[in-house]
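Input: a single structure, listed below in structure tokens.
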Amino acid sequence: MSIALAIETLEKTFGAYPALRGVSLDVAPGELVALLGPSGSGKTTLLRAIAGLEQAEGGRVLFNGIDTRRLTLRERRIGFVFQSYALFRHLDVFENVAFGLRARPRGERPREAQIRTRVAALLELVQLGGLEKRFPSQLSGGQRQRVALARALAIEPQVLLLDEPFGALDAKVRKDLRRWLRELHARTGHTTLFVTHDQEEALELSDRVAILNQGRIEQVGTPDDVYDRPASGFVCEFLGEANRLPVEIVNGEAMFAQRALLGGFGPRPGGPAFLYVRPQHVALTDSDRDGLPGAIVAVRRHGAFKRVEVALEGLSRRLEFDLDAGAAPSLGATVCVRFTQGHVFPAQEGAG
Amino acid sequence: MSEPAGTQADASVTGESFLVRAALIAAALAFLTLFLFLPLVAVFVEAGGRGLEGYLAALSEPDALSAIRLTLLVAAISVPLNVVVGVAAAWAIARYRFRGRNLLVSLVDLPFSVSPVIAGLVYVLLFGAQGYFGPWLRAHDVEIVFALPGIVLATLFVTFPFVARELIPHMEAIGSTDEEAALTLGASPWRMFFAISLPNVKWSLLYGVLLCNARAMGEFGAVAVVSGRIRGLTATMPLHIEILYNEYNGAAAFAVASLLAGLALVTLAAKTFLEWRYADAIAAARHS
């Protein structure tokens with residue numbers, strides 16, 4: 001795999017607070033990578049460090065093999081889309097997009113006619129043709145977002161960096177823009193990194209997802225990889241929902257209350273561990289023998305499903321799982337639950 | 001129809017009766033009329049007391065012309081200087097976190113809290129014949145006190161806060177993301193400043209400049225101390241007015257006063273006009 005962007009053991013602290021702790025990541029040309037993590041995980045700091053807006057204390061960033069520490073912001077040619085868009089409020093849409101072209105040093109500056117053609121093409125690309133004379137304050141959130149994107153693309157960036165690109169938009173617009181951005185990326189093929197705290201967004205949009213936690217990358221992989229084969233309890237809980245049960249691993253089987261819940265954890269050393277089970281991997285059974293007895297304590301509507309909460313004996317947390325909307329579980333009923341899939345991680349990790 | 005309903009709702013929420021509101025408005029108007037508007041009218045009425053010829057004579061007399069020239073010159077020097085220093089100070093305070101930042105913020109306000117007379121005295125103490133640097137200055141033939149440089153220094157001191165004070169809150173509210181965006185788009189720091197940072201705060205800057213200018217032309221106390229009030233040489237318009245008044249030449253005093261008040265009114269009118277003409281742009285700059 002050739003590498004367009006290489007991040008090597010970046011370190012950054014704010015005062016006593018470590019924001020990045022040895023972050024490394026390679027990005028292939030044309031790849032769309034999501035930086036996913038809770039707030040304070042360092043994802044925005046990482047993006048800003050790549051752009052050169054934040055000075056890393058250790059490590060380095062390479063664009064196509066060139067160490068960026070020696071480059072000025074202009075030489076880095078980063079297309080950065082800020083969470084707040086940072087559109088120039090006193091310039092109209094045309095001038096906002098043209099800014100990067102006009103800001104080039106005299107020798108490299110395109111002629112006025114070229115600028116006009118280029119800006120017109122970019123506005124067409126982001127579907128804002130005809131709005132050249134509008135000012136940012138006269139645009140909707142989604143339109144501002146697209147102006148910011150066109151402005152970043154105008155400088156023909158080596159890497160496109162998007163900070164929470166959909167953060168400030170309402171749910172419907174988010175969905176539309178997400179699909180649109182995916183198509184745009186397919187057409188323009190820019191190497192792109194975007195920051196998000198929304199796991200759904202990361203999984204749906206990206207080629208690969210990097211999950212950050214407390215200034216470290218916990219796992220990098222395709223959406224299928226990270227969702228189906230999480231590397232840690234944190235990843236499992238952060239990507240989608242998961243029930244967590246304290247279990248004992250005996251002979252490769254996860255034991256809870258003297259019952260074998262799930263097998264196949266063979267090579268793992270025995271001892272206390274946590275079993276993570278997604279809501280869709282919980283099933284109700286009739287037979288008492290191979291299930292855990294529990295009582296239904298709540299039933300809530302959850303989109304296309306019914307979310308059922310079951311209280312298990314010996315577990316303070318309630319187990320959550322989904323049933324078809326047509327099912328009519330009765331409150332208080334005694335049921336048996338069985339797990340179809342799960343992930344086991346050592347107990348000391350994710351014990352919080 | 002929805003709007004009157006809205007105002008009614010507002011009135012009922014804030015809960016003041018018609019009487020209270022009328023009383024408050026009347027009190028404010030009465031105060032403004034009595035203490036601001038009437039004196040201003042009086043200036044113009046008194047100025048016209050000797051008719052147009054007398055009025056023009058009072059203004060075209062050599063000492064008056066000299067005072068007008070000096071006032072405009074002092075404003076022309078001190079306002080641009082204060083713009084440069086004010087923008088620099090506001091930038092430093094709004095953009096950087098450094099040791100002594102709070103001290104700098106307080107220092108910006110210092111001229112507002114110190115009496116202008118003291119500001120003038122300080123410069124006499126520093127640069128006067130008996131002052132710290134007096135002998136050295138005299139040896140090198142540099143005149144500061146009782147000359148134009150002293151007047152400019154005193155005016156600079158008194159008018160310094162206007163530009164910085166207008167800019168600091170506005171710059172802090174806007175933040176530095178726009179500037180970061182400009183830099184990532186390849187702008188040089190110079191271009192970033194003139195194409196993005198300055199236009200972002202241009203309205204605050206303009207208010208600051210107008211207020212600074214009005215005060216620069218009208219300053220009395222500090223200038224009175226450092227200038228020595230040499231008629232026809234170091235007397236600015238406010239000083240000239242006082243000199244005339246002390247000589248019981250009321251009509252001439254009021255003639256010059258009306259011109260000075262007129263300059264202030266022009267400043268005020270310019271500010272109001274710009275606010276009205278660019279109301280949308282100002283609102284956009286503040287909120288988006």
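Going through the structure tokens in order, the chains are called A, B, and so on, while each chain numbers its residues from 1 and the ligands are numbered from 1 in the order shown.
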- Message: Please check the contacts: residues of chain A at most 7 Å away from chain B, using only C-alpha atoms, listed as a PyMOL selection string.
- Response: chain A and resi 73-74+78+80+86-90+100+103-104+137+155
- Message: Taking 5 positions as the minimum chain separation for residues in the same chain, which residues sit within 10 Å of Asp176 (chain A) when counting only C-alpha atoms? Answer as a ChimeraX atom specification.
- Response: /A:142,171,181
Grab the residues selected above and save them as a PDB file, in the first residue's frame with C-alpha atoms.
```pdb
ATOM      1  CA  GLY A 142     -25.865  22.848   4.793  1.00  0.00           C
ATOM      2  CA  ALA A 171     -30.537  15.176  11.529  1.00  0.00           C
ATOM      3  CA  LEU A 181     -20.067  13.687   0.618  1.00  0.00           C
TER       4      LEU A 181
END
```
- Message: Give me, as a list in words, all polymer residues having an atom no more than 6 Å from Val61 (chain A), counting only C-alpha atoms and skipping those fewer than 3 positions away in the same chain.
- Response: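 My reading of the contact set: Ala6, Ile7 and Thr68 of chain A.
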Emit the selected residues as a compact mmCIF listing (two decimals), in the first residue's frame, including N, CA, C and O atoms.
```txt
# COMPACT_ATOMS: atom_id res chain seq x y z
N ALA A 6 1.34 9.87 6.39
CA ALA A 6 1.85 9.02 7.45
C ALA A 6 1.95 9.83 8.73
O ALA A 6 2.56 10.89 8.75
N ILE A 7 1.33 9.34 9.78
CA ILE A 7 1.40 10.00 11.08
C ILE A 7 2.25 9.10 11.96
O ILE A 7 1.94 7.91 12.11
N THR A 68 6.49 17.20 7.16
CA THR A 68 5.80 18.49 7.11
C THR A 68 6.34 19.49 8.13
O THR A 68 5.95 20.65 8.11
```
- Item | All alpha helix (DSSP H) residues (DSSP, backbone) inside region 2-164 of chain A, as a PyMOL selection string | chain A and resi 43-51+73-76+93-102+112-125+141-153
- Message: For a quick check of understanding, using only C-alpha atoms, which of A:Gly167, A:Gln83, A:Leu205, A:Glu248 has the smallest distance to Leu149 (chain A)?
- Response: A:Gln83
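Residues lying within 7 Å of Gly22 (chain A), counting only C-alpha atoms and ignoring same-chain neighbours fewer than 5 positions away, are Thr9, Leu10, Glu11 and Arg216 of chain A.
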- Do you have the CA of Tyr132 (chain B)-CA of Ala75 (chain B) distance handy? 27.2 Å
Counting only C-alpha atoms, which residues of region 35-129 of chain A fall within 10 Å of region 190-194 of chain A, and what is the closest atom pair for each with its distance in Å at one decimal, ordered by chain and rising number, as a tab-separated table?
```
residue	atom	partner	partner_atom	distance
A:Leu35	CA	A:Phe194	CA	5.9
A:Leu36	CA	A:Phe194	CA	8.5
A:Lys43	CA	A:Phe194	CA	9.1
A:Thr44	CA	A:Phe194	CA	9.1
A:Leu47	CA	A:Leu193	CA	7.8
A:Ile50	CA	A:Leu193	CA	9.9
A:Gly79	CA	A:Thr192	CA	9.2
A:Phe80	CA	A:Phe194	CA	9.7
A:Val81	CA	A:Phe194	CA	9.2
```
